[in-house]
$ cat input_27.csv   # CSV, C-alpha atoms
chain,number,residue,atom,x,y,z
A,290,MET,CA,11.8,-21.7,3.1
A,291,LYS,CA,15.0,-21.9,5.2
A,292,ASN,CA,17.8,-19.4,4.6
A,293,ARG,CA,21.3,-18.5,5.8
A,294,LEU,CA,20.8,-14.7,5.6
A,295,LYS,CA,21.3,-14.1,9.3
A,296,VAL,CA,24.6,-16.1,9.2
A,297,LEU,CA,25.8,-14.5,6.0
A,298,ARG,CA,24.9,-11.0,7.4
A,299,ALA,CA,26.9,-11.8,10.6
A,300,GLU,CA,29.9,-13.1,8.6
A,301,ASN,CA,29.9,-9.9,6.5
A,302,ASP,CA,29.4,-7.8,9.7
A,303,MET,CA,26.2,-6.2,8.4
A,304,THR,CA,23.2,-5.0,10.3
A,305,GLN,CA,19.6,-5.7,9.0
A,306,ALA,CA,19.4,-2.0,8.0
A,307,GLN,CA,22.6,-2.2,6.0
A,308,LEU,CA,21.4,-5.3,4.2
A,309,ALA,CA,18.1,-3.7,3.6
A,310,ASP,CA,19.8,-0.6,2.1
A,311,GLU,CA,22.0,-2.7,-0.1
A,312,THR,CA,19.1,-4.7,-1.6
A,313,GLY,CA,16.6,-1.9,-1.8
A,314,VAL,CA,14.0,-3.3,0.6
A,315,SER,CA,12.9,-2.3,4.1
A,316,ARG,CA,14.5,-3.6,7.4
A,317,GLN,CA,11.2,-5.2,8.2
A,318,THR,CA,11.4,-7.3,5.0
A,319,ILE,CA,14.9,-8.5,5.9
A,320,ASN,CA,13.7,-9.4,9.4
A,321,ALA,CA,10.7,-11.3,8.0
A,322,ILE,CA,12.8,-13.2,5.6
A,323,GLU,CA,15.4,-14.1,8.2
A,324,LYS,CA,12.6,-15.4,10.5
A,325,GLY,CA,11.1,-17.5,7.7
A,326,LYS,CA,7.9,-15.5,7.8
A,327,PHE,CA,8.2,-14.2,4.2
A,328,ASP,CA,9.7,-15.8,1.1
A,329,PRO,CA,11.5,-13.3,-1.1
A,330,SER,CA,10.8,-12.9,-4.8
A,331,LEU,CA,13.3,-14.3,-7.4
A,332,PRO,CA,14.7,-10.8,-8.2
A,333,LEU,CA,15.4,-10.2,-4.5
A,334,ALA,CA,16.9,-13.6,-4.1
A,335,PHE,CA,19.2,-12.8,-7.0
A,336,ARG,CA,20.2,-9.5,-5.3
A,337,PHE,CA,21.2,-11.5,-2.1
A,338,SER,CA,23.1,-13.9,-4.3
A,339,LYS,CA,25.0,-11.1,-6.1
A,340,LEU,CA,25.7,-9.3,-2.8
A,341,PHE,CA,27.1,-12.3,-1.0
A,342,ASN,CA,28.6,-13.8,-4.2
A,343,LEU,CA,26.9,-17.1,-3.7
A,344,LYS,CA,24.4,-19.2,-5.6
A,345,ILE,CA,20.8,-18.8,-4.6
A,346,GLU,CA,20.6,-22.4,-3.5
A,347,GLU,CA,23.6,-21.8,-1.2
A,348,ILE,CA,21.5,-19.1,0.6
A,349,PHE,CA,18.0,-20.6,0.4
A,350,GLU,CA,16.8,-24.1,1.0
A,351,ASP,CA,13.4,-25.6,0.3
A,352,GLU,CA,12.0,-27.2,3.4
A,353,ASN,CA,9.8,-29.7,1.5
B,23,MET,CA,28.1,-3.7,-5.0
B,24,THR,CA,28.4,-0.2,-6.5
B,25,LEU,CA,25.6,-1.1,-8.9
B,26,LEU,CA,23.4,-2.3,-6.0
B,27,MET,CA,24.1,0.9,-4.0
B,28,ASN,CA,23.2,3.1,-7.0
B,29,SER,CA,19.9,1.3,-7.5
B,30,LYS,CA,19.1,1.5,-3.7
B,31,THR,CA,19.5,5.3,-3.8
B,32,SER,CA,17.2,5.6,-6.7
B,33,THR,CA,14.6,3.2,-5.1
B,34,ALA,CA,14.5,5.3,-2.0
B,35,GLU,CA,14.1,8.5,-4.0
B,36,VAL,CA,11.3,6.9,-6.1
B,37,ARG,CA,9.5,5.8,-2.9
B,38,LYS,CA,9.8,9.3,-1.4
B,39,TYR,CA,8.6,10.9,-4.6
B,40,SER,CA,5.6,8.5,-5.0
B,41,THR,CA,4.5,9.0,-1.4
B,42,ARG,CA,4.6,12.8,-1.7
B,43,ASN,CA,2.8,12.5,-5.1
B,44,LEU,CA,0.1,10.4,-3.6
B,45,ALA,CA,-0.4,12.8,-0.7
B,46,ILE,CA,-0.7,15.7,-3.1
B,47,TRP,CA,-3.3,14.0,-5.3
B,48,THR,CA,-5.3,12.8,-2.2
B,49,VAL,CA,-5.4,16.3,-0.8
B,50,ALA,CA,-6.4,17.7,-4.2
B,51,TRP,CA,-9.2,15.1,-4.6
B,52,THR,CA,-10.4,15.8,-1.0
B,53,LEU,CA,-10.5,19.5,-1.7
B,54,GLY,CA,-12.4,18.8,-5.0
B,55,VAL,CA,-15.0,16.7,-3.2
B,56,ALA,CA,-15.4,19.5,-0.6
B,57,LEU,CA,-15.7,22.1,-3.4
B,58,ALA,CA,-18.3,20.1,-5.3
B,59,THR,CA,-20.3,19.3,-2.2
B,60,PHE,CA,-20.2,22.6,-0.3
B,61,GLY,CA,-19.7,24.9,-3.4
B,62,ALA,CA,-23.2,24.0,-4.6
B,63,ILE,CA,-24.7,25.2,-1.3
B,64,TYR,CA,-22.5,28.2,-0.4
B,65,LEU,CA,-20.9,29.4,-3.7
B,66,TRP,CA,-23.1,28.9,-6.7
B,67,ASP,CA,-26.5,28.3,-5.2
B,68,ASN,CA,-27.0,24.8,-6.8
B,69,ASP,CA,-26.4,26.1,-10.3
B,70,PRO,CA,-26.1,22.7,-12.3
B,71,THR,CA,-23.5,24.1,-14.7
B,72,PHE,CA,-21.0,24.9,-11.9
B,73,SER,CA,-21.9,21.6,-10.2
B,74,ILE,CA,-21.2,19.6,-13.3
B,75,ILE,CA,-17.8,21.4,-13.8
B,76,ALA,CA,-16.9,20.8,-10.2
B,77,ILE,CA,-17.9,17.1,-10.4
B,78,ILE,CA,-15.9,16.6,-13.6
B,79,ILE,CA,-12.8,18.3,-12.0
B,80,THR,CA,-13.2,16.1,-8.9
B,81,THR,CA,-13.5,13.0,-11.0
B,82,LEU,CA,-10.4,13.9,-12.9
B,83,LEU,CA,-8.5,14.5,-9.6
B,84,GLY,CA,-9.8,11.1,-8.4
B,85,ILE,CA,-8.4,9.4,-11.5
B,86,GLY,CA,-5.1,11.2,-10.8
B,87,MET,CA,-5.2,9.9,-7.2
B,88,ILE,CA,-5.8,6.3,-8.4
B,89,ARG,CA,-2.8,6.6,-10.8
B,90,ALA,CA,-0.7,8.0,-8.0
B,91,ASN,CA,-1.8,5.2,-5.7
B,92,ILE,CA,-0.8,2.6,-8.3
B,93,LYS,CA,2.6,4.2,-8.7
B,94,PHE,CA,2.9,4.4,-4.9
B,95,LEU,CA,2.2,0.6,-4.6
B,96,MET,CA,4.7,-0.2,-7.3
B,97,SER,CA,7.4,1.8,-5.5
B,98,GLN,CA,7.0,-0.2,-2.3
B,99,ASP,CA,9.1,-3.2,-1.5
B,100,GLU,CA,7.6,-6.7,-2.0
B,101,LEU,CA,6.6,-7.3,1.7
B,102,GLN,CA,5.0,-3.8,2.1
B,103,ARG,CA,3.2,-4.4,-1.2
B,104,LYS,CA,1.9,-7.7,0.0
B,105,ILE,CA,0.7,-6.2,3.3
B,106,MET,CA,-1.1,-3.4,1.4
B,107,MET,CA,-2.6,-5.8,-1.2
B,108,ASP,CA,-3.9,-8.1,1.5
B,109,ALA,CA,-5.4,-5.2,3.3
B,110,MET,CA,-7.1,-4.0,0.1
B,111,GLY,CA,-8.5,-7.4,-0.5
B,112,ILE,CA,-9.9,-7.5,3.1
B,113,ALA,CA,-11.3,-3.9,2.8
B,114,LEU,CA,-12.9,-4.8,-0.6
B,115,GLY,CA,-14.5,-8.0,0.9
B,116,THR,CA,-15.7,-6.1,4.0
B,117,ALA,CA,-17.1,-3.3,1.9
B,118,LEU,CA,-19.0,-5.8,-0.4
B,119,VAL,CA,-20.4,-7.9,2.4
B,120,GLY,CA,-21.0,-5.0,4.9
B,121,GLY,CA,-22.4,-2.8,2.1
B,122,ILE,CA,-24.9,-5.4,0.9
B,123,SER,CA,-26.0,-6.2,4.5
B,124,TYR,CA,-26.3,-2.5,5.3
B,125,SER,CA,-28.4,-1.9,2.1
B,126,MET,CA,-30.6,-4.9,3.0
B,127,LEU,CA,-31.2,-3.4,6.4
B,128,ASP,CA,-32.4,-0.3,4.6
B,129,THR,CA,-34.6,-1.9,1.9
B,130,THR,CA,-36.3,-4.2,4.5
B,131,ASN,CA,-36.9,-1.2,6.7
B,132,VAL,CA,-35.1,-2.8,9.7
B,133,ILE,CA,-33.3,0.6,10.1
B,134,SER,CA,-35.3,3.8,10.0
B,135,GLN,CA,-32.8,6.0,8.2
B,136,ASP,CA,-31.5,5.7,4.6
B,137,ALA,CA,-28.3,3.8,3.9
B,138,GLU,CA,-25.6,6.4,3.4
B,139,ILE,CA,-22.5,5.8,1.3
B,140,SER,CA,-20.4,7.7,3.9
B,141,TYR,CA,-20.8,4.8,6.4
B,142,LEU,CA,-19.5,2.4,3.7
B,143,ILE,CA,-16.5,4.6,3.1
B,144,ILE,CA,-15.8,4.7,6.8
B,145,LEU,CA,-16.1,0.9,6.9
B,146,ILE,CA,-13.6,0.6,4.0
B,147,GLY,CA,-11.1,3.0,5.7
B,148,VAL,CA,-11.3,1.3,9.1
B,149,SER,CA,-11.0,-2.3,7.8
B,150,TYR,CA,-8.1,-1.2,5.6
B,151,MET,CA,-6.2,0.5,8.5
B,152,VAL,CA,-6.9,-2.4,10.8
B,153,SER,CA,-5.7,-4.9,8.2
B,154,ILE,CA,-2.5,-2.8,7.6
B,155,LEU,CA,-1.8,-2.9,11.4
B,156,ILE,CA,-2.4,-6.6,11.6
B,157,GLY,CA,-0.2,-7.2,8.5
B,158,ASN,CA,2.6,-5.2,9.9
B,159,ALA,CA,2.4,-6.9,13.3
B,160,ARG,CA,2.4,-10.3,11.6
B,161,TYR,CA,5.7,-9.6,9.7
B,162,LYS,CA,7.3,-7.6,12.5

$ encode --input "input_27.csv" --output "structure tokens"
Amino acid sequence: MKNRLKVLRAENDMTQAQLADETGVSRQTINAIEKGKFDPSLPLAFRFSKLFNLKIEEIFEDEN
Amino acid sequence: MTLLMNSKTSTAEVRKYSTRNLAIWTVAWTLGVALATFGAIYLWDNDPTFSIIAIIITTLLGIGMIRANIKFLMSQDELQRKIMMDAMGIALGTALVGGISYSMLDTTNVISQDAEISYLIILIGVSYMVSILIGNARYK
């Protein structure tokens, strides 16, 4: 799954560690999601959505 | 944002507490195993009553450790949980296949000594740790 997390994080001047703290996951998880190695659960996707004030589909995009 | 920050603080605290809790239960169970094993030899001279009490206590401590491990797993974030669950699956499979093969080596007298469960526990521990390292490297 493609995502815009890295871009959104940069736009909001946040580090991976800060984003991890804000969403209650580890920095490793943020890094894995940004690199497309790991797809987040729906609750975590909603936390990103709430944090960046965007719809989930504006952050994540299905590659298929 | 404030709501998210409050939840993150409590999540970190829960993780810290569950890790400490698991460590305490694991140490308690290990001490229980040591007491039940060596106590029979050095403390109560193989008296079955004391051995049964020690084994019951160890089993109860083991149940506590399992519960602590479940809470520990639940407190981890989803990627860490996936890495741990994958590692557990590999360790279980390795234990099943390796344990049966090892047992067959014993029953068919290919090896001279008896199959000891301690080797199986070492195999489980090593395969779990290697799987955790590989999982962490994969999602680095």

$ interface_residues --input "input_27.csv" --of "chain A" --to "chain B" --cutoff "12 Å" --atoms "all atoms listed in the file" --output "PDB file with C-alpha atoms, in the frame of the given file"
ATOM      1  CA  GLN A 307      22.600  -2.200   6.000  1.00  0.00           C
ATOM      2  CA  LEU A 308      21.400  -5.300   4.200  1.00  0.00           C
ATOM      3  CA  ALA A 309      18.100  -3.700   3.600  1.00  0.00           C
ATOM      4  CA  ASP A 310      19.800  -0.600   2.100  1.00  0.00           C
ATOM      5  CA  GLU A 311      22.000  -2.700  -0.100  1.00  0.00           C
ATOM      6  CA  THR A 312      19.100  -4.700  -1.600  1.00  0.00           C
ATOM      7  CA  GLY A 313      16.600  -1.900  -1.800  1.00  0.00           C
ATOM      8  CA  VAL A 314      14.000  -3.300   0.600  1.00  0.00           C
ATOM      9  CA  SER A 315      12.900  -2.300   4.100  1.00  0.00           C
ATOM     10  CA  ARG A 316      14.500  -3.600   7.400  1.00  0.00           C
ATOM     11  CA  GLN A 317      11.200  -5.200   8.200  1.00  0.00           C
ATOM     12  CA  THR A 318      11.400  -7.300   5.000  1.00  0.00           C
ATOM     13  CA  ILE A 319      14.900  -8.500   5.900  1.00  0.00           C
ATOM     14  CA  ASN A 320      13.700  -9.400   9.400  1.00  0.00           C
ATOM     15  CA  ALA A 321      10.700 -11.300   8.000  1.00  0.00           C
ATOM     16  CA  ILE A 322      12.800 -13.200   5.600  1.00  0.00           C
ATOM     17  CA  GLU A 323      15.400 -14.100   8.200  1.00  0.00           C
ATOM     18  CA  LYS A 324      12.600 -15.400  10.500  1.00  0.00           C
ATOM     19  CA  GLY A 325      11.100 -17.500   7.700  1.00  0.00           C
ATOM     20  CA  LYS A 326       7.900 -15.500   7.800  1.00  0.00           C
ATOM     21  CA  PHE A 327       8.200 -14.200   4.200  1.00  0.00           C
ATOM     22  CA  ASP A 328       9.700 -15.800   1.100  1.00  0.00           C
ATOM     23  CA  PRO A 329      11.500 -13.300  -1.100  1.00  0.00           C
ATOM     24  CA  SER A 330      10.800 -12.900  -4.800  1.00  0.00           C
ATOM     25  CA  LEU A 331      13.300 -14.300  -7.400  1.00  0.00           C
ATOM     26  CA  PRO A 332      14.700 -10.800  -8.200  1.00  0.00           C
ATOM     27  CA  LEU A 333      15.400 -10.200  -4.500  1.00  0.00           C
ATOM     28  CA  ALA A 334      16.900 -13.600  -4.100  1.00  0.00           C
ATOM     29  CA  PHE A 335      19.200 -12.800  -7.000  1.00  0.00           C
ATOM     30  CA  ARG A 336      20.200  -9.500  -5.300  1.00  0.00           C
ATOM     31  CA  PHE A 337      21.200 -11.500  -2.100  1.00  0.00           C
ATOM     32  CA  SER A 338      23.100 -13.900  -4.300  1.00  0.00           C
ATOM     33  CA  LYS A 339      25.000 -11.100  -6.100  1.00  0.00           C
ATOM     34  CA  LEU A 340      25.700  -9.300  -2.800  1.00  0.00           C
ATOM     35  CA  PHE A 341      27.100 -12.300  -1.000  1.00  0.00           C
ATOM     36  CA  ASN A 342      28.600 -13.800  -4.200  1.00  0.00           C
TER      37      ASN A 342
END

$ residues_around --input "input_27.csv" --residues "segment 35-47 of chain B" --least-positions-apart "5" --cutoff "12 Å" --atoms "only C-alpha atoms" --output "MDAnalysis selection string"
(chainID A and resid 313:315) or (chainID B and resid 28:30 52:54 80:99 102)

$ atom_distance --input "input_27.csv" --atom1 "atom CA of Leu114 of chain B" --atom2 "atom CA of Asp128 of chain B"
20.7 Å

$ atom_distance --input "input_27.csv" --atom1 "atom CA of Ala56 of chain B" --atom2 "atom CA of Ile146 of chain B"
19.5 Å

$ residues_around --input "input_27.csv" --residues "Ile348 of chain A" --least-positions-apart "3" --cutoff "6 Å" --atoms "all atoms listed in the file" --output "list in words"
Asn292, Arg293 and Ile345 of chain A

$ residues_around --input "input_27.csv" --residues "Ser73 of chain B" --least-positions-apart "6" --cutoff "9 Å" --atoms "all atoms listed in the file" --output "mmCIF file with C-alpha atoms, keeping the file's coordinate frame"
data_model
loop_
_atom_site.group_PDB
_atom_site.id
_atom_site.type_symbol
_atom_site.label_atom_id
_atom_site.label_comp_id
_atom_site.auth_asym_id
_atom_site.auth_seq_id
_atom_site.Cartn_x
_atom_site.Cartn_y
_atom_site.Cartn_z
ATOM 1 C CA ALA B 58 -18.300 20.100 -5.300
ATOM 2 C CA THR B 59 -20.300 19.300 -2.200
ATOM 3 C CA GLY B 61 -19.700 24.900 -3.400
ATOM 4 C CA ALA B 62 -23.200 24.000 -4.600
ATOM 5 C CA TRP B 66 -23.100 28.900 -6.700
#

$ atom_distance --input "input_27.csv" --atom1 "atom CA of Tyr124 of chain B" --atom2 "atom CA of Ala137 of chain B"
6.8 Å

$ closest_residue --input "input_27.csv" --among "B:Ser149, B:Leu57, B:Pro70, B:Ala159" --to "Met110 of chain B" --atoms "only C-alpha atoms"
B:Ser149
